[in-house]
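Visitor: This is data-v1.txt, which holds compact mmCIF, C-alpha atoms and all ligand atoms:
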# COMPACT_ATOMS: atom_id res chain seq x y z
CA MET A 1 -9.78 1.93 -27.40
CA THR A 2 -11.44 5.24 -26.75
CA GLY A 3 -11.68 7.58 -23.84
CA ASP A 4 -8.29 6.75 -22.40
CA ASP A 5 -6.20 9.42 -20.79
CA TRP A 6 -2.98 7.77 -21.79
CA GLU A 7 -1.38 8.28 -25.14
CA THR A 8 0.02 5.54 -27.25
CA THR A 9 2.40 5.95 -30.10
CA PRO A 10 1.61 4.02 -33.29
CA PHE A 11 4.60 1.72 -33.01
CA PRO A 12 5.99 1.90 -29.52
CA GLU A 13 9.38 0.34 -29.11
CA PHE A 14 11.08 -0.50 -25.88
CA THR A 15 14.55 -1.81 -25.26
CA GLU A 16 15.02 -4.88 -23.09
CA GLN A 17 16.38 -2.61 -20.37
CA GLN A 18 13.35 -0.34 -20.52
CA VAL A 19 10.98 -3.28 -20.34
CA ALA A 20 12.91 -4.73 -17.39
CA ALA A 21 12.75 -1.38 -15.57
CA ILE A 22 9.03 -1.04 -16.18
CA VAL A 23 8.33 -4.59 -15.05
CA LYS A 24 10.49 -4.08 -11.97
CA ARG A 25 8.43 -1.08 -10.96
CA SER A 26 5.11 -2.79 -11.71
CA PRO A 27 4.78 -5.38 -8.92
CA VAL A 28 2.62 -8.21 -10.18
CA ALA A 29 0.49 -8.29 -7.03
CA ASP A 30 -0.10 -4.52 -7.16
CA VAL A 31 -1.12 -4.49 -10.81
CA ILE A 32 -3.36 -7.54 -10.50
CA GLY A 33 -4.79 -6.19 -7.26
CA GLU A 34 -5.94 -3.12 -9.15
CA HIS A 35 -7.99 -5.29 -11.49
CA THR A 36 -9.35 -8.04 -9.30
CA SER A 37 -9.64 -8.99 -5.67
CA ILE A 38 -6.55 -10.75 -4.32
CA THR A 39 -5.27 -11.25 -0.80
CA ALA A 40 -1.84 -12.02 0.61
CA GLN A 41 -1.18 -15.58 1.66
CA ALA A 42 0.98 -16.80 4.52
CA ASP A 43 3.67 -17.94 2.08
CA GLY A 44 4.06 -14.49 0.53
CA THR A 45 2.07 -15.21 -2.60
CA PHE A 46 -1.31 -13.73 -3.45
CA ALA A 47 -4.54 -15.54 -4.27
CA GLY A 48 -7.80 -14.22 -5.54
CA VAL A 49 -10.53 -14.11 -8.12
CA CYS A 50 -9.42 -14.86 -11.67
CA PRO A 51 -10.70 -12.06 -13.92
CA PHE A 52 -10.61 -14.37 -16.94
CA CYS A 53 -12.68 -17.32 -15.70
CA SER A 54 -14.07 -15.79 -12.47
CA GLY A 55 -12.68 -18.72 -10.54
CA LEU A 56 -12.72 -17.93 -6.86
CA ARG A 57 -9.23 -17.96 -5.38
CA SER A 58 -7.92 -19.74 -8.46
CA LEU A 59 -5.59 -16.92 -9.45
CA HIS A 60 -2.21 -16.98 -7.81
CA ALA A 61 0.43 -14.27 -8.09
CA VAL A 62 4.00 -14.73 -6.95
CA PRO A 63 5.79 -11.44 -6.24
CA GLU A 64 9.15 -13.19 -6.05
CA THR A 65 9.01 -14.35 -9.65
CA GLY A 66 6.71 -11.63 -10.96
CA ARG A 67 4.43 -14.28 -12.43
CA TRP A 68 0.82 -15.29 -12.01
CA GLN A 69 -1.24 -18.33 -12.88
CA CYS A 70 -4.85 -19.41 -12.71
CA TYR A 71 -5.31 -22.99 -11.60
CA SER A 72 -8.79 -23.06 -13.09
CA CYS A 73 -8.46 -21.71 -16.64
CA LEU A 74 -4.67 -22.15 -16.75
CA GLU A 75 -4.02 -18.61 -17.95
CA CYS A 76 -0.59 -17.53 -16.80
CA GLY A 77 2.22 -15.12 -17.48
CA ASP A 78 3.96 -12.05 -16.21
CA VAL A 79 2.59 -8.61 -15.45
CA ILE A 80 2.75 -7.61 -19.14
CA VAL A 81 0.76 -10.65 -20.19
CA PHE A 82 -1.81 -9.87 -17.51
CA ILE A 83 -2.35 -6.36 -18.86
CA CYS A 84 -2.44 -7.68 -22.45
CA LYS A 85 -5.23 -10.08 -21.54
CA MET A 86 -7.02 -7.85 -19.09
CA ARG A 87 -7.16 -4.80 -21.32
CA ASP A 88 -7.03 -6.51 -24.67
CA LEU A 89 -3.80 -4.81 -25.66
CA TRP A 90 -0.86 -5.78 -27.78
CA ARG A 91 2.31 -6.40 -25.82
CA ALA A 92 3.92 -3.07 -26.73
CA ASP A 93 0.75 -1.21 -25.76
CA ALA A 94 0.56 -3.12 -22.49
CA ILE A 95 4.12 -2.06 -21.75
CA GLN A 96 3.12 1.52 -22.50
CA TRP A 97 0.13 1.18 -20.21
CA LEU A 98 2.40 -0.02 -17.41
CA GLU A 99 4.81 2.80 -18.12
CA HIS A 100 1.95 5.28 -17.85
CA ARG A 101 0.78 3.64 -14.64
CA MET A 102 4.30 3.80 -13.25
CA ALA A 103 4.68 7.46 -14.18
CA SER A 104 1.41 8.44 -12.56
CA ARG A 105 2.29 6.49 -9.41
CA SER A 106 5.71 8.04 -9.04
CA ALA A 107 4.37 11.58 -9.25
CA PRO A 108 4.61 13.38 -5.89
CA ALA A 109 0.84 13.48 -5.60
CA VAL A 110 -1.59 11.79 -7.92
CA PRO A 111 -4.23 14.35 -8.83
CA ALA A 112 -7.79 13.16 -8.35
CA ARG A 113 -8.31 14.06 -11.98
CA LEU A 114 -5.98 11.29 -13.09
CA LYS A 115 -7.61 8.73 -10.89
CA SER A 116 -11.05 9.37 -12.30
CA GLU A 117 -9.68 9.15 -15.80
CA GLU A 118 -8.30 5.67 -15.45
CA PRO A 119 -8.82 3.70 -18.65
CA PRO A 120 -12.14 1.86 -18.52
CA TYR A 121 -12.17 -1.86 -18.13
CA ASN A 122 -12.87 -3.50 -21.43
CA VAL A 123 -13.70 -6.99 -20.35
CA GLN A 124 -17.07 -8.24 -19.33
CA GLY A 125 -17.78 -8.95 -15.70
CA THR A 126 -15.46 -6.25 -14.52
CA ALA A 127 -13.86 -6.64 -11.15
CA PRO A 128 -14.72 -4.14 -8.47
CA GLU A 129 -12.29 -1.27 -8.45
CA ASN A 130 -9.88 -1.38 -5.58
CA THR A 131 -9.33 1.88 -3.85
CA LEU A 132 -5.92 2.01 -2.29
ZN ZN A 201 -8.95 -18.38 -14.52
Show me the file's structure as structure tokens.

Guide:
Amino acid sequence: MTGDDWETTPFPEFTEQQVAAIVKRSPVADVIGEHTSITAQADGTFAGVCPFCSGLRSLHAVPETGRWQCYSCLECGDVIVFICKMRDLWRADAIQWLEHRMASRSAPAVPARLKSEEPPYNVQGTAPENTL
């Protein structure tokens, strides 16, 4: 991992409470929507392109449970697992990434500088970047 604007400690440790707080403030549909194209469904879930197998509308995210699943390649998990797979990170680093994301979102105004310094995608066939 090079060129990232976020800092990682060698052995990040999070308590269960910290992880729960980070996950709570990292809505699964928001985080996935920043990496691939998903749209809201009538039933409140989200469906879209799976970034792992490129299956059209095979990825489903359920905000209520905070989980996602691809009906094509059968990848599934929570928001932490998604970031682990998407950015090729260990779990603790994925939690740190989400924490960084959360911190930059909760700032009064996100400087343009931060936006342009988003960590690069490190998977092939990158999804188009969603501008919110
Ligand atoms: Zn898939």

Visitor: Step by step, measure atom-to-atom distances between ligand ZN 201 (chain A) and each residue using only C-alpha atoms and all ligand atoms, keep those at most 7 Å, then write them as JSON, numbers by chain.

Guide: {"A": [50, 51, 52, 53, 54, 55, 58, 59, 70, 71, 72, 73, 74, 75]}

Visitor: One number please: atom CA of Ala61 of chain A to atom CA of Gln41 of chain A, in Å, one decimal.

Guide: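 Result for atom CA of Ala61 of chain A versus atom CA of Gln41 of chain A: 10.0 Å, one decimal.
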
Visitor: Counting only C-alpha atoms, which residue out of A:Val81, A:Ile38, A:Leu56, A:Ala21 sits closest to Asp93 of chain A?

Guide: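 Looking at the shortest contact to Asp93 of chain A, the residue is A:Val81.
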
Visitor: Please provide the set of residues having any atom within 8 Å of Gly44 of chain A, restricted to all atoms listed in the file, with same-chain residues fewer than 3 positions apart removed, written as number ranges by chain.

Guide: A: 40-41, 62-63

Visitor: Separation of atom CA of Asp78 of chain A and atom CA of Ala103 of chain A, in Å?

Guide: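 Here the two named atoms are 19.6 Å from each other.
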
Visitor: Select, from A:His100, A:Arg57, A:Arg87, A:Lys24, the residue with the minimum atom-to-atom distance to Thr45 of chain A, counting all atoms listed in the file.

Guide: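 The shortest atom-to-atom distance to Thr45 of chain A comes from A:Arg57.
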
Visitor: In Å, how far is it from atom CA of Gly48 of chain A to atom CA of Gly33 of chain A?

Guide: 8.7 Å

Visitor: Would you please work out which residue, of A:Ile32, A:Gly77, A:Arg25, A:Arg91, is nearest to Ser104 of chain A when using only C-alpha atoms?

Guide: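 Of the candidates, the smallest distance to Ser104 of chain A is held by A:Arg25.
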
Visitor: Nearest residue to His35 of chain A out of A:Val19, A:Val49, A:Cys76, A:Ala92, using only C-alpha atoms?

Guide: A:Val49

Visitor: Mind working out the centre and edge lengths of an axis-aligned box for segment 85-93 of chain A, all listed atoms inside, 5 Å added to each side, rounded to one decimal in Å and written as JSON?

Guide:
{"center_x": -1.6, "center_y": -5.6, "center_z": -23.4, "size_x": 21.1, "size_y": 18.9, "size_z": 18.7}
